[in-house]
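Engineer: Here it is, the structure in full.
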Amino acid sequence: MPVKGEAENYPIHRIFCVGRNYAAHAAEMGVAVDREAPFYFTKSALATTQTGSIIPYPPGTGDFHYEMELVIAIGASAFRADRTAGGEAVYGFACGLDMTRRDLQLDARAKQRPWDLGKDVEQSAVFAPITRKNDFGTIGRQRIHLEVNGETRQEARLDDLVWKIDEIVSHLSHFYHLEPGDLIMTGTPAGVGAVVAGDVITGGIDGLDPIALTIGTAE
């Protein structure tokens with residue numbers, strides 16, 4: 001991933017994704033927020049594509065959804081970190097899209113099966129350039145939003161996150177040795193929905209480079 005103001009790119013190692021991290025989104029999905037601990041799924045680094053891409057409508061689905069997210073880029077090793085150390089391990093932030101085969105995800109959820117077919121989709125992890133943590137500042141009331149063909153579909157504030165940045169990094173570090181190159185997608189606000197071929201998705205978070213994606217025809 002490009003880093004704003006830097007000559008060298010940020011290498012992608014692993015992609016972790018936090019589920020149900022906005023209460024309103026959990027409600028629209030018909031589930032409650034788990035306030036005991038965050039939970040995660042993963043995407044392959046091979047699922048990555050950059051902002052501005054045109055991607056084909058994926059096979060095996062008739063319900064391809066957008067999810068606008070704040071992305072954490074890890075910049076220091078973290079293992080069994082407390083919240084302070086978890087926050088210090090953050091390198092920067094970026095806008096991201098977690099594109100999802102929703103019908104396959106919900107079918108797997110109903111059968112208590114893994115979400116891989118719904119979530120780990122080729123070209124489904126879309127990233128804008130990273131902004132260094134110190135350049136972004138303290139996370140609070142920054143607006144997060146997404147539009148489809150210019151119409152606003154998602155809108156919230158970053159302080160609506162159920163699990164905060166330092167909490168997420170600390171918790172995840174008790175299960176993995178987090179290293180530079182690890183990305184964490186922090187969850188999406190309410191308003192998710194389907195897109196079709198020809199749709200143009202745009203989105204942004206105050207203080208970060210915006211993101212854009214065009215949905216092409218099926219291969």
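We name chains A, B, ... following the order of the structure tokens; residues begin at 1 in each chain, and ligands are numbered from 1 as shown.
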Set the distance at 8 Å and use only C-alpha atoms: which residues neighbour A:Leu97 once local chain neighbours fewer than 2 positions away are removed? I'd like the list as JSON, numbers by chain.
Structural biologist: {"A": [66, 67, 68, 69, 95, 99, 124, 125, 126, 127]}
Engineer: Please provide as a PDB file with all heavy atoms, in the first residue's frame all residues within 9 Å of A:Ala197, with the sequence filter that same-chain residues fewer than 6 positions apart are discarded (counting only C-alpha atoms).
Structural biologist:
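Done, and the output landed in around-v5.pdb:
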ATOM      1  N   PRO A  56     -14.269  -7.028 -11.461  1.00  0.00           N
ATOM      2  CA  PRO A  56     -15.423  -7.733 -12.011  1.00  0.00           C
ATOM      3  C   PRO A  56     -16.406  -8.110 -10.917  1.00  0.00           C
ATOM      4  O   PRO A  56     -16.006  -8.343  -9.767  1.00  0.00           O
ATOM      5  CB  PRO A  56     -14.804  -8.981 -12.652  1.00  0.00           C
ATOM      6  CG  PRO A  56     -13.541  -9.209 -11.881  1.00  0.00           C
ATOM      7  CD  PRO A  56     -13.036  -7.844 -11.518  1.00  0.00           C
ATOM      8  N   TYR A  57     -17.670  -8.150 -11.280  1.00  0.00           N
ATOM      9  CA  TYR A  57     -18.664  -8.679 -10.337  1.00  0.00           C
ATOM     10  C   TYR A  57     -18.299 -10.135 -10.063  1.00  0.00           C
ATOM     11  O   TYR A  57     -18.102 -10.915 -10.995  1.00  0.00           O
ATOM     12  CB  TYR A  57     -20.062  -8.571 -10.932  1.00  0.00           C
ATOM     13  CG  TYR A  57     -21.162  -8.800  -9.925  1.00  0.00           C
ATOM     14  CD1 TYR A  57     -21.721  -7.725  -9.244  1.00  0.00           C
ATOM     15  CD2 TYR A  57     -21.627 -10.079  -9.652  1.00  0.00           C
ATOM     16  CE1 TYR A  57     -22.735  -7.923  -8.305  1.00  0.00           C
ATOM     17  CE2 TYR A  57     -22.632 -10.285  -8.716  1.00  0.00           C
ATOM     18  CZ  TYR A  57     -23.181  -9.208  -8.040  1.00  0.00           C
ATOM     19  OH  TYR A  57     -24.174  -9.410  -7.112  1.00  0.00           O
ATOM     20  N   THR A 214     -15.057   0.823  -8.844  1.00  0.00           N
ATOM     21  CA  THR A 214     -16.090   0.630  -9.863  1.00  0.00           C
ATOM     22  C   THR A 214     -16.342  -0.866 -10.039  1.00  0.00           C
ATOM     23  O   THR A 214     -15.395  -1.652 -10.124  1.00  0.00           O
ATOM     24  CB  THR A 214     -15.659   1.251 -11.200  1.00  0.00           C
ATOM     25  OG1 THR A 214     -15.453   2.647 -11.021  1.00  0.00           O
ATOM     26  CG2 THR A 214     -16.714   1.027 -12.269  1.00  0.00           C
ATOM     27  N   ILE A 215     -17.611  -1.229 -10.085  1.00  0.00           N
ATOM     28  CA  ILE A 215     -17.995  -2.630 -10.268  1.00  0.00           C
ATOM     29  C   ILE A 215     -18.182  -2.894 -11.763  1.00  0.00           C
ATOM     30  O   ILE A 215     -19.030  -2.265 -12.415  1.00  0.00           O
ATOM     31  CB  ILE A 215     -19.296  -2.967  -9.509  1.00  0.00           C
ATOM     32  CG1 ILE A 215     -19.178  -2.548  -8.050  1.00  0.00           C
ATOM     33  CG2 ILE A 215     -19.598  -4.464  -9.639  1.00  0.00           C
ATOM     34  CD1 ILE A 215     -18.052  -3.202  -7.279  1.00  0.00           C
ATOM     35  N   GLY A 216     -17.394  -3.806 -12.297  1.00  0.00           N
ATOM     36  CA  GLY A 216     -17.507  -4.169 -13.698  1.00  0.00           C
ATOM     37  C   GLY A 216     -18.481  -5.319 -13.897  1.00  0.00           C
ATOM     38  O   GLY A 216     -19.171  -5.748 -12.966  1.00  0.00           O
ATOM     39  N   THR A 217     -18.523  -5.823 -15.103  1.00  0.00           N
ATOM     40  CA  THR A 217     -19.392  -6.958 -15.399  1.00  0.00           C
ATOM     41  C   THR A 217     -18.751  -8.252 -14.903  1.00  0.00           C
ATOM     42  O   THR A 217     -17.562  -8.312 -14.616  1.00  0.00           O
ATOM     43  CB  THR A 217     -19.654  -7.057 -16.915  1.00  0.00           C
ATOM     44  OG1 THR A 217     -18.381  -7.159 -17.588  1.00  0.00           O
ATOM     45  CG2 THR A 217     -20.372  -5.815 -17.406  1.00  0.00           C
ATOM     46  N   ALA A 218     -19.551  -9.292 -14.791  1.00  0.00           N
ATOM     47  CA  ALA A 218     -19.050 -10.585 -14.340  1.00  0.00           C
ATOM     48  C   ALA A 218     -18.112 -11.182 -15.388  1.00  0.00           C
ATOM     49  O   ALA A 218     -18.292 -10.973 -16.598  1.00  0.00           O
ATOM     50  CB  ALA A 218     -20.207 -11.534 -14.085  1.00  0.00           C
TER      51      ALA A 218
END
Engineer: May I ask which of the residues A:Glu167, A:Asp182, A:Asp107, A:Asp209 is the closest one to A:Arg80, counting only C-alpha atoms?
Structural biologist: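 Selected residue with least distance to A:Arg80: A:Glu167.
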Engineer: Which residues come within 6 Å of A:Ile15, counting only C-alpha atoms, excluding same-chain residues fewer than 6 positions away, as a ChimeraX atom specification?
Structural biologist: /A:42-43,183-184
Engineer: Could you tell me which of A:Val90, A:Asp159, A:Gly60, A:Ala73 comes closest to A:Gly118 if we count only C-alpha atoms?
Structural biologist: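 Checking each candidate against A:Gly118, we get A:Gly60 as the closest.
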Engineer: Give one line per residue of stretch 46-124 of chain A that approaches stretch 133-140 of chain A to at most 8 Å, naming the two atoms of the closest pair and their distance in Å to one decimal, counting only C-alpha atoms; sort by chain then ascending residue number and deliver it as a Markdown table.
Structural biologist:
| residue | atom | partner | partner_atom | distance |
| --- | --- | --- | --- | --- |
| A:Val90 | CA | A:Lys133 | CA | 7.0 |
| A:Tyr91 | CA | A:Lys133 | CA | 5.7 |
| A:Gly92 | CA | A:Lys133 | CA | 4.1 |
| A:Phe93 | CA | A:Lys133 | CA | 6.4 |
Engineer: Those selected residues, please, written with N, CA, C and O atoms and delivered as an mmCIF file, in the first residue's frame.
Structural biologist:
data_model
loop_
_atom_site.group_PDB
_atom_site.id
_atom_site.type_symbol
_atom_site.label_atom_id
_atom_site.label_comp_id
_atom_site.auth_asym_id
_atom_site.auth_seq_id
_atom_site.Cartn_x
_atom_site.Cartn_y
_atom_site.Cartn_z
ATOM 1 N N VAL A 90 0.477 1.008 16.464
ATOM 2 C CA VAL A 90 -0.181 1.449 15.237
ATOM 3 C C VAL A 90 0.757 2.340 14.429
ATOM 4 O O VAL A 90 1.344 3.291 14.951
ATOM 5 N N TYR A 91 0.899 2.047 13.158
ATOM 6 C CA TYR A 91 1.709 2.832 12.228
ATOM 7 C C TYR A 91 0.891 3.943 11.579
ATOM 8 O O TYR A 91 1.353 5.073 11.418
ATOM 9 N N GLY A 92 -0.328 3.592 11.176
ATOM 10 C CA GLY A 92 -1.155 4.581 10.504
ATOM 11 C C GLY A 92 -2.536 4.042 10.225
ATOM 12 O O GLY A 92 -2.913 2.950 10.664
ATOM 13 N N PHE A 93 -3.305 4.840 9.459
ATOM 14 C CA PHE A 93 -4.702 4.508 9.174
ATOM 15 C C PHE A 93 -4.996 4.739 7.690
ATOM 16 O O PHE A 93 -4.324 5.525 7.016
#
Engineer: Would you please extract all alpha helix (DSSP H) residues from stretch 14-177 of chain A, as assigned by DSSP on the backbone, and give them as a VMD selection string?
Structural biologist: chain A and resid 23 to 28 83 to 88 102 to 110 116 to 119 133 to 136 165 to 172
Engineer: Excluding A:Trp163 and any residue of its chain fewer than 4 positions from it, enumerate the residues within 9 Å of it, using only C-alpha atoms, and give them as number ranges by chain.
Structural biologist: A: 21-22, 35, 37-38, 167-168, 186
Engineer: Have a look at atom CA of A:Asp120 and atom CA of A:Ala81 and let me know their distance in Å, one decimal.
Structural biologist: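 These two atoms are separated by 27.5 Å.
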